[in-house]
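Colleague: Here you go, one structure.
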Amino acid sequence: MIKPATIDLTVANGNGILQGSPWEISVNVSEREDGTDTPVDISDMIGACIIKDSAKSRDILAAPAFAITDGPGGNFTLSLTAAETEAIPASGKSHRETSRLYIEVRLDEDRALQGTIEISPTLMKE
């Protein structure tokens with residue numbers, strides 16, 4: 001069983017979503033014991049990620065692609081295309097007014113990652 005990590009992905013830290021632009025982050029799954037991190041082998045695991053505006057919402061705003069990049073090392077990426085980020089609602093009136101959404105990643109049946117992710121609206125609307 002994987003103990004879930006709680007994250008806060010923000011635009012200011014460079015890992016939030018810029019609406020209308022591609023988005024990608026790299027994640028490492030490790031177990032910490034006595035101050036030492038040991039990678040969890042995720043080679044044979046199936047991953048899934050969703051982004052919603054609340055835990056109670058039935059609507060999934062985005063489902064980032066999940067790709068294992070180094071299974072034995074516990075590494076994977078999450079990504080969205082520019083078109084996918086464009087489709088995520090962002091309520092701010094300017095790029096400085098970010099919206100806070102919720103993200104969760106599951107590996108097999110375990111919740112591996114949970115937390116918040118900011119989205120900054122684009123001014124370029126079609």
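Following the order of the structure tokens, chains are lettered A, B, ..., residues in each are numbered from 1, and ligands are numbered from 1.
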Please provide as a PDB file with N, CA and C atoms, in the first residue's frame all residues within 6 Å of stretch 111-114 of chain A, with the sequence filter that same-chain residues fewer than 3 positions apart are discarded (counting only C-alpha atoms).
Modeller:
ATOM      1  N   PRO A   4      -0.403   8.137   0.489  1.00  0.00           N
ATOM      2  CA  PRO A   4      -0.544   9.253  -0.438  1.00  0.00           C
ATOM      3  C   PRO A   4       0.239  10.490  -0.005  1.00  0.00           C
ATOM      4  N   ALA A   5       0.836  11.140  -0.996  1.00  0.00           N
ATOM      5  CA  ALA A   5       1.517  12.410  -0.767  1.00  0.00           C
ATOM      6  C   ALA A   5       0.529  13.530  -1.071  1.00  0.00           C
ATOM      7  N   THR A   6       0.594  14.599  -0.287  1.00  0.00           N
ATOM      8  CA  THR A   6      -0.253  15.759  -0.518  1.00  0.00           C
ATOM      9  C   THR A   6       0.589  16.853  -1.154  1.00  0.00           C
ATOM     10  N   ILE A 103      -6.612  17.678  -7.536  1.00  0.00           N
ATOM     11  CA  ILE A 103      -5.991  16.640  -8.360  1.00  0.00           C
ATOM     12  C   ILE A 103      -5.785  15.391  -7.509  1.00  0.00           C
ATOM     13  N   GLU A 104      -5.962  14.228  -8.158  1.00  0.00           N
ATOM     14  CA  GLU A 104      -5.731  12.958  -7.475  1.00  0.00           C
ATOM     15  C   GLU A 104      -5.139  11.968  -8.470  1.00  0.00           C
ATOM     16  N   VAL A 105      -4.147  11.223  -8.012  1.00  0.00           N
ATOM     17  CA  VAL A 105      -3.523  10.173  -8.816  1.00  0.00           C
ATOM     18  C   VAL A 105      -3.675   8.853  -8.063  1.00  0.00           C
ATOM     19  N   ARG A 106      -4.096   7.840  -8.789  1.00  0.00           N
ATOM     20  CA  ARG A 106      -4.181   6.488  -8.228  1.00  0.00           C
ATOM     21  C   ARG A 106      -3.220   5.582  -8.980  1.00  0.00           C
TER      22      ARG A 106
END
Colleague: For the alpha helix (DSSP H) assignment from backbone DSSP, which residues of chain A qualify? Please present them as a list in words.
Modeller: Ala82, Ala83, Glu84, Thr85 and Glu86 of chain A
Colleague: For stretch 38-46 of chain A, find every residue with an atom within 7 Å (counting only C-alpha atoms), except residues of its own chain fewer than 3 positions away, and show them as a PyMOL selection string.
Modeller: chain A and resi 29-32+71-74+107-108
Colleague: Just want the 7 Å neighbourhood of A:Pro121, counted on only C-alpha atoms, with same-chain residues fewer than 5 positions away dropped. Output as a list in words.
Modeller: Leu18, Gln19, Ala90, Gly92, Ser94, His95 and Thr98 of chain A
Colleague: Store the residues of this selection in a file with N, CA and C atoms, as an mmCIF file, in the first residue's frame.
Modeller:
data_model
loop_
_atom_site.group_PDB
_atom_site.id
_atom_site.type_symbol
_atom_site.label_atom_id
_atom_site.label_comp_id
_atom_site.auth_asym_id
_atom_site.auth_seq_id
_atom_site.Cartn_x
_atom_site.Cartn_y
_atom_site.Cartn_z
ATOM 1 N N LEU A 18 -1.184 26.627 -17.080
ATOM 2 C CA LEU A 18 -1.438 27.855 -17.818
ATOM 3 C C LEU A 18 -2.452 27.489 -18.892
ATOM 4 N N GLN A 19 -3.674 27.971 -18.746
ATOM 5 C CA GLN A 19 -4.750 27.609 -19.664
ATOM 6 C C GLN A 19 -4.327 27.879 -21.111
ATOM 7 N N ALA A 90 -11.469 28.412 -16.169
ATOM 8 C CA ALA A 90 -10.661 29.247 -15.276
ATOM 9 C C ALA A 90 -11.423 30.549 -15.085
ATOM 10 N N GLY A 92 -10.716 33.390 -13.405
ATOM 11 C CA GLY A 92 -10.037 34.670 -13.189
ATOM 12 C C GLY A 92 -10.226 35.644 -14.336
ATOM 13 N N SER A 94 -7.863 37.918 -15.001
ATOM 14 C CA SER A 94 -6.522 38.161 -15.529
ATOM 15 C C SER A 94 -5.655 36.956 -15.200
ATOM 16 N N HIS A 95 -4.452 36.917 -15.770
ATOM 17 C CA HIS A 95 -3.569 35.775 -15.520
ATOM 18 C C HIS A 95 -3.149 35.670 -14.061
ATOM 19 N N THR A 98 -5.783 33.200 -10.324
ATOM 20 C CA THR A 98 -5.811 31.762 -10.573
ATOM 21 C C THR A 98 -7.011 31.112 -9.889
#
Colleague: Which one of A:Pro22, A:Pro64, A:Gly16, A:Gly35 sits closest to A:Ser99 if you count only C-alpha atoms?
Modeller: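 Among the listed residues, the smallest separation from A:Ser99 belongs to A:Gly16.
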Colleague: Interatomic distance between atom CA of A:Ser21 and atom CA of A:Gly47?
Modeller: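 Atom CA of A:Gly47 lies 23.2 Å from atom CA of A:Ser21.
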Colleague: Please return, as a PyMOL selection string, all residues of stretch 7-80 of chain A that DSSP assigns to strand (DSSP E or B) on the basis of the backbone.
Modeller: chain A and resi 7-9+17-18+23-28+30-33+36-39+47-52+62+65-70+75-80
Colleague: Excluding same-chain residues fewer than 2 positions from A:Ala55, what lies within 12 Å of it counting only C-alpha atoms, as a short mmCIF file (atom, residue, chain, number, x, y, z; two decimals) with N, CA and C atoms, in the first residue's frame?
Modeller:
data_model
loop_
_atom_site.label_atom_id
_atom_site.label_comp_id
_atom_site.auth_asym_id
_atom_site.auth_seq_id
_atom_site.Cartn_x
_atom_site.Cartn_y
_atom_site.Cartn_z
N ILE A 50 -7.13 12.45 -12.21
CA ILE A 50 -8.26 13.32 -12.52
C ILE A 50 -8.08 14.67 -11.86
N ILE A 51 -8.68 15.67 -12.48
CA ILE A 51 -8.73 17.02 -11.93
C ILE A 51 -10.20 17.42 -11.87
N LYS A 52 -10.63 17.90 -10.69
CA LYS A 52 -12.03 18.31 -10.48
C LYS A 52 -12.05 19.65 -9.75
N ASP A 53 -13.23 20.30 -9.74
CA ASP A 53 -13.32 21.56 -9.02
C ASP A 53 -13.70 21.36 -7.55
N SER A 57 -17.91 17.02 -6.67
CA SER A 57 -18.34 17.14 -8.06
C SER A 57 -18.26 15.81 -8.78
N ARG A 58 -19.23 15.53 -9.62
CA ARG A 58 -19.21 14.34 -10.46
C ARG A 58 -18.48 14.62 -11.77
N ASP A 59 -18.30 15.91 -12.10
CA ASP A 59 -17.69 16.30 -13.36
C ASP A 59 -16.16 16.30 -13.27
N ILE A 60 -15.53 15.57 -14.16
CA ILE A 60 -14.08 15.57 -14.27
C ILE A 60 -13.70 16.66 -15.27
N LEU A 61 -12.90 17.64 -14.83
CA LEU A 61 -12.50 18.74 -15.69
C LEU A 61 -11.39 18.33 -16.64
N LEU A 101 -8.03 24.10 -8.21
CA LEU A 101 -8.73 22.86 -8.50
C LEU A 101 -8.11 21.74 -7.68
N TYR A 102 -8.68 20.55 -7.79
CA TYR A 102 -8.20 19.41 -6.99
C TYR A 102 -7.73 18.29 -7.92
N ILE A 103 -6.61 17.68 -7.54
CA ILE A 103 -5.99 16.64 -8.36
C ILE A 103 -5.78 15.39 -7.51
N GLU A 104 -5.96 14.23 -8.16
CA GLU A 104 -5.73 12.96 -7.48
C GLU A 104 -5.14 11.97 -8.47
N GLN A 114 -2.46 13.43 -3.87
CA GLN A 114 -3.70 14.20 -3.71
C GLN A 114 -3.32 15.63 -3.40
N GLY A 115 -4.16 16.55 -3.80
CA GLY A 115 -3.86 17.94 -3.47
C GLY A 115 -4.56 18.92 -4.38
N THR A 116 -3.94 20.09 -4.50
CA THR A 116 -4.52 21.17 -5.27
C THR A 116 -3.61 21.53 -6.44
#
Colleague: For A:Leu78, which of A:Asp34, A:Phe66, A:Thr10, A:Arg100 is the closest residue, counting only C-alpha atoms?
Modeller: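 Nearest candidate to A:Leu78 out of A:Asp34, A:Phe66, A:Thr10, A:Arg100: A:Phe66.
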Colleague: Excluding A:Val11 and any residue of its chain fewer than 6 positions from it, enumerate the residues within 9 Å of it, using only C-alpha atoms, and give them as a tab-separated table (two decimals) with C-alpha atoms, in the first residue's frame.
Modeller:
chain	number	residue	atom	x	y	z
A	17	ILE	CA	-1.56	24.96	-15.37
A	18	LEU	CA	-1.44	27.86	-17.82
A	98	THR	CA	-5.81	31.76	-10.57
A	117	ILE	CA	-3.51	22.59	-8.62
A	118	GLU	CA	-3.86	26.17	-9.83
A	119	ILE	CA	-4.92	27.24	-13.31
A	120	SER	CA	-4.19	30.68	-14.73
Colleague: Suppose you want the space between atom CA of A:Asn28 and atom CA of A:Glu84; what is it in Å?
Modeller: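 So the answer is 23.7 Å.
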Colleague: Which of these, A:Ala48, A:Ile7, A:Leu123, A:Val27, has the shortest distance to A:Glu109 once you count only C-alpha atoms?
Modeller: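 Looking at the shortest contact to A:Glu109, the residue is A:Ala48.
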